[in-house]
Amino acid sequence: MKKRYADLHIHTYHSDSTLSPEEVVDLAYEKGLSAISITDHDCIDGIAPSIERAQKYSLEIIPGVELTAEQDEFEVHIIGYFIDWKAGWFAEKLAEIRTARVNRIYEMTAKLKNVGIEIDPEKVFELSGPGSVGRLHLATVLYNEGHTSSIGEAFRKYIGNKSPCYVKRFKLTPQETIDMILNLGGVPVLAHPHILGRDDLIADLVKKGLRGIEVYHTDHPSKITLHYEDKAFEYGLLITGGSDCHGMGKGGIFIGKVKVPYKAVEDLKREAAAIRQKMKKIPGTAE
Ligand code: AMP
Ligand code: ZN
Ligand code: FE
Ligand code: FE
């Protein structure tokens with residue numbers, strides 16, 4: 001039997017990719033993938049159109065979301081897999097987080113003005129569309145308008161976490177983030193731990209309810225992959241992986257460049273079922 005693979009970390013233009021959900025699904029099919037997860041930042045709007053498009057192929061769409069928590073000034077990206085993405089309370093929470101993202105663009109453009117760079121915030125919103133606006137959009141406008149020679153430079157010089165025009169996002173703690181995903185019946189997974197670079201946080205995240213770790217990622221060299229495989233075994237975490245494709249937003253289409261055996265999907269499904277089963281037993285938490 002043909003081996004099946006999944007890319008479990010993909011963005012659409014509903015957050016900061018340049019690709020529509022339909023383009024993502026078509027590309028995933030062309031790459032021969034059996035399953036993909038749509039994991040936009042703070043947004044679920046890409047899920048329904050992906051499912052719709054995937055009906056013409058035998059491609060499975062795993063509903064996901066990538067949320068950002070903050071701890072000691074570090075960004076902890078946590079992906080929720082198999083979330084109940086239709087939950088009304090979650091839509092309200094995401095709307096709140098996205099409003100904070102819009103305000104943050106105004107704050108960052110004001111800071112840029114203080115260092116002599118005029119960016120019209122509307123240009124950033126034009127680029128992002130109605131979904132989730134973020135720094136990659138702002139970095140793209142900075143680059144497009146000739147203020148930097150690359151998108152990477154926009155982050156390094158101006159809006160990277162330690163750069164002068166950076167403004168923090170909506171504040172969520174790791175515990176709030178993990179609980180939110182669990183309450184959606186989803187599986188919380190630590191995204192790209194190498195980018196986070198704080199292995200000392202993993203044990204605590206596991207105590208807080210983390211169930212998996214993204215071992216395979218575009219920014220994980222093979223030595224790093226082995227390192228996080230060890231961490232997964234050490235803490236009994238599920239192993240996931242994906243390309244974190246942002247379309248041309250990061251200079252190349254990565255869909256399928258990083259993939260995991262379909263077993264990872266089966267493991268996530270089993271874990272999601274166990275989480276939902278447990279929720280039913282706790283009064284007031286079942287949907
Ligand atoms: P935000 O959620 O608005 O803070 O934006 C974070 C997103 O910006 C990440 O998910 C990446 O897509 C992107 N990003 C962060 N740092 C860089 C970088 N140095 N180069 C390119 N993209 C980056
Ligand atoms: Zn992104
Ligand atoms: Fe991320
Ligand atoms: Fe991502």
# chains A, B, ... in the order shown; residues from 1 in each chain; ligands from 1
call {"tool": "residues_near_ligand", "arguments": {"ligand": "ligand 4", "cutoff": "12 Å", "atoms": "only C-alpha atoms and all ligand atoms", "output": "ChimeraX atom specification"}}
result
/A:7-12,15-17,37-43,64-68,76-80,134,136,190-193,195,214,217-219,241-247,249-250,254
call {"tool": "residues_around", "arguments": {"residues": "Asn161 (chain A)", "least_positions_apart": "5", "cutoff": "10 Å", "atoms": "only C-alpha atoms", "output": "PyMOL selection string"}}
result
chain A and resi 73-75+155-156+166-168
call {"tool": "write_last_selection", "arguments": {"atoms": "all heavy atoms", "output": "mmCIF file, in the first residue's frame"}}
result
data_model
loop_
_atom_site.group_PDB
_atom_site.id
_atom_site.type_symbol
_atom_site.label_atom_id
_atom_site.label_comp_id
_atom_site.auth_asym_id
_atom_site.auth_seq_id
_atom_site.Cartn_x
_atom_site.Cartn_y
_atom_site.Cartn_z
ATOM 1 N N GLU A 73 8.263 37.098 28.309
ATOM 2 C CA GLU A 73 8.628 37.847 27.099
ATOM 3 C C GLU A 73 8.881 36.933 25.895
ATOM 4 O O GLU A 73 9.319 37.406 24.854
ATOM 5 C CB GLU A 73 9.877 38.713 27.304
ATOM 6 C CG GLU A 73 9.827 39.593 28.538
ATOM 7 C CD GLU A 73 9.072 40.889 28.305
ATOM 8 O OE1 GLU A 73 9.356 41.570 27.317
ATOM 9 O OE2 GLU A 73 8.171 41.180 29.107
ATOM 10 N N PHE A 74 8.668 35.631 26.053
ATOM 11 C CA PHE A 74 8.859 34.722 24.924
ATOM 12 C C PHE A 74 7.503 34.379 24.326
ATOM 13 O O PHE A 74 6.519 34.243 25.043
ATOM 14 C CB PHE A 74 9.561 33.428 25.368
ATOM 15 C CG PHE A 74 11.042 33.580 25.507
ATOM 16 C CD1 PHE A 74 11.603 34.182 26.632
ATOM 17 C CD2 PHE A 74 11.894 33.126 24.496
ATOM 18 C CE1 PHE A 74 12.978 34.328 26.750
ATOM 19 C CE2 PHE A 74 13.266 33.268 24.608
ATOM 20 C CZ PHE A 74 13.813 33.875 25.742
ATOM 21 N N GLU A 75 7.494 34.207 22.997
ATOM 22 C CA GLU A 75 6.265 33.814 22.294
ATOM 23 C C GLU A 75 6.181 32.311 22.233
ATOM 24 O O GLU A 75 7.034 31.672 21.633
ATOM 25 C CB GLU A 75 6.351 34.275 20.844
ATOM 26 C CG GLU A 75 5.921 35.660 20.601
ATOM 27 C CD GLU A 75 5.959 35.950 19.107
ATOM 28 O OE1 GLU A 75 5.862 35.037 18.276
ATOM 29 O OE2 GLU A 75 6.103 37.134 18.795
ATOM 30 N N PHE A 155 12.014 42.602 10.189
ATOM 31 C CA PHE A 155 11.908 42.028 11.538
ATOM 32 C C PHE A 155 13.137 42.391 12.369
ATOM 33 O O PHE A 155 13.011 42.817 13.507
ATOM 34 C CB PHE A 155 11.744 40.495 11.461
ATOM 35 C CG PHE A 155 10.314 40.070 11.212
ATOM 36 C CD1 PHE A 155 9.845 39.866 9.919
ATOM 37 C CD2 PHE A 155 9.431 39.893 12.264
ATOM 38 C CE1 PHE A 155 8.530 39.483 9.688
ATOM 39 C CE2 PHE A 155 8.120 39.506 12.047
ATOM 40 C CZ PHE A 155 7.669 39.303 10.755
ATOM 41 N N ARG A 156 14.313 42.200 11.776
ATOM 42 C CA ARG A 156 15.556 42.446 12.537
ATOM 43 C C ARG A 156 15.644 43.896 13.001
ATOM 44 O O ARG A 156 15.936 44.185 14.149
ATOM 45 C CB ARG A 156 16.783 42.121 11.673
ATOM 46 C CG ARG A 156 17.202 40.662 11.723
ATOM 47 C CD ARG A 156 18.578 40.462 11.114
ATOM 48 N NE ARG A 156 18.700 40.956 9.758
ATOM 49 C CZ ARG A 156 18.267 40.305 8.679
ATOM 50 N NH1 ARG A 156 17.683 39.132 8.801
ATOM 51 N NH2 ARG A 156 18.412 40.828 7.477
ATOM 52 N N TYR A 166 8.541 47.043 17.975
ATOM 53 C CA TYR A 166 7.720 45.861 18.300
ATOM 54 C C TYR A 166 6.669 46.217 19.350
ATOM 55 O O TYR A 166 6.940 46.952 20.298
ATOM 56 C CB TYR A 166 8.630 44.753 18.842
ATOM 57 C CG TYR A 166 7.892 43.536 19.376
ATOM 58 C CD1 TYR A 166 7.209 42.691 18.522
ATOM 59 C CD2 TYR A 166 7.903 43.247 20.744
ATOM 60 C CE1 TYR A 166 6.545 41.575 19.014
ATOM 61 C CE2 TYR A 166 7.239 42.121 21.240
ATOM 62 C CZ TYR A 166 6.560 41.299 20.368
ATOM 63 O OH TYR A 166 5.910 40.195 20.845
ATOM 64 N N VAL A 167 5.476 45.700 19.154
ATOM 65 C CA VAL A 167 4.420 45.839 20.162
ATOM 66 C C VAL A 167 3.868 44.445 20.431
ATOM 67 O O VAL A 167 3.660 43.660 19.496
ATOM 68 C CB VAL A 167 3.287 46.788 19.677
ATOM 69 C CG1 VAL A 167 2.118 46.788 20.652
ATOM 70 C CG2 VAL A 167 3.812 48.196 19.467
ATOM 71 N N LYS A 168 3.631 44.160 21.702
ATOM 72 C CA LYS A 168 3.143 42.832 22.069
ATOM 73 C C LYS A 168 1.730 42.589 21.566
ATOM 74 O O LYS A 168 0.957 43.527 21.389
ATOM 75 C CB LYS A 168 3.146 42.690 23.586
ATOM 76 C CG LYS A 168 4.518 42.475 24.127
ATOM 77 C CD LYS A 168 4.433 42.308 25.621
ATOM 78 C CE LYS A 168 5.808 42.196 26.197
ATOM 79 N NZ LYS A 168 5.772 42.260 27.645
#
call {"tool": "atom_distance", "arguments": {"atom1": "CA of Tyr106 (chain A)", "atom2": "CA of Ser163 (chain A)"}}
result
16.5 Å
call {"tool": "closest_residue", "arguments": {"among": "A:Lys86, A:Arg169, A:Lys3, A:Lys123", "to": "ligand 1", "atoms": "only C-alpha atoms and all ligand atoms"}}
result
A:Arg169
call {"tool": "closest_residue", "arguments": {"among": "A:Met180, A:Asp200, A:Ala28, A:Lys281", "to": "Trp89 (chain A)", "atoms": "only C-alpha atoms"}}
result
A:Met180
call {"tool": "select_by_dssp", "arguments": {"residues": "region 53-165 of chain A", "states": "strand (DSSP E)", "output": "list in words"}}
result
Glu60, Ile61, Ile62, Pro63, Gly64, Val65, Glu66, Leu67, Thr68, Ala69, Glu70, Gln71, Phe74, Glu75, Val76, His77, Ile78, Ile79, Gly80 and Tyr81 of chain A
call {"tool": "residues_around", "arguments": {"residues": "Asn103 (chain A)", "least_positions_apart": "5", "cutoff": "12 Å", "atoms": "only C-alpha atoms", "output": "PyMOL selection string"}}
result
chain A and resi 96-98+108-110+121-122+124-125+132-134+167-170
call {"tool": "write_last_selection", "arguments": {"atoms": "C-alpha atoms", "output": "PDB file, in the first residue's frame"}}
result
ATOM      1  CA  GLU A  96     -11.410  39.898  20.468  1.00  0.00           C
ATOM      2  CA  ILE A  97      -7.861  38.728  19.764  1.00  0.00           C
ATOM      3  CA  ARG A  98      -8.046  39.967  16.169  1.00  0.00           C
ATOM      4  CA  MET A 108       3.526  49.697  15.570  1.00  0.00           C
ATOM      5  CA  THR A 109       3.042  52.194  12.715  1.00  0.00           C
ATOM      6  CA  ALA A 110       3.048  54.995  15.329  1.00  0.00           C
ATOM      7  CA  PRO A 121      -1.883  51.370   8.486  1.00  0.00           C
ATOM      8  CA  GLU A 122      -4.610  51.038   5.842  1.00  0.00           C
ATOM      9  CA  VAL A 124      -1.332  46.843   5.972  1.00  0.00           C
ATOM     10  CA  PHE A 125      -5.048  46.122   6.330  1.00  0.00           C
ATOM     11  CA  SER A 132      -5.939  38.005  11.024  1.00  0.00           C
ATOM     12  CA  VAL A 133      -3.486  40.886  10.561  1.00  0.00           C
ATOM     13  CA  GLY A 134       0.084  40.492  11.780  1.00  0.00           C
ATOM     14  CA  VAL A 167       4.420  45.839  20.162  1.00  0.00           C
ATOM     15  CA  LYS A 168       3.143  42.832  22.069  1.00  0.00           C
ATOM     16  CA  ARG A 169       0.112  40.926  21.007  1.00  0.00           C
ATOM     17  CA  PHE A 170      -3.070  40.149  22.961  1.00  0.00           C
TER      18      PHE A 170
END
call {"tool": "residues_around", "arguments": {"residues": "Ile239 (chain A)", "least_positions_apart": "3", "cutoff": "7 Å", "atoms": "only C-alpha atoms", "output": "mmCIF file with C-alpha atoms, in the first residue's frame"}}
result
data_model
loop_
_atom_site.group_PDB
_atom_site.id
_atom_site.type_symbol
_atom_site.label_atom_id
_atom_site.label_comp_id
_atom_site.auth_asym_id
_atom_site.auth_seq_id
_atom_site.Cartn_x
_atom_site.Cartn_y
_atom_site.Cartn_z
ATOM 1 C CA GLY A 212 2.230 17.035 21.479
ATOM 2 C CA ILE A 213 5.310 18.677 20.026
ATOM 3 C CA GLU A 214 6.117 19.737 16.468
ATOM 4 C CA VAL A 215 9.282 17.780 15.829
ATOM 5 C CA ALA A 232 8.814 13.844 22.731
ATOM 6 C CA ALA A 264 0.589 11.226 13.345
#
call {"tool": "closest_residue", "arguments": {"among": "A:Lys278, A:Lys223, A:Lys162, A:His137", "to": "ligand 2", "atoms": "only C-alpha atoms and all ligand atoms"}}
result
A:His137
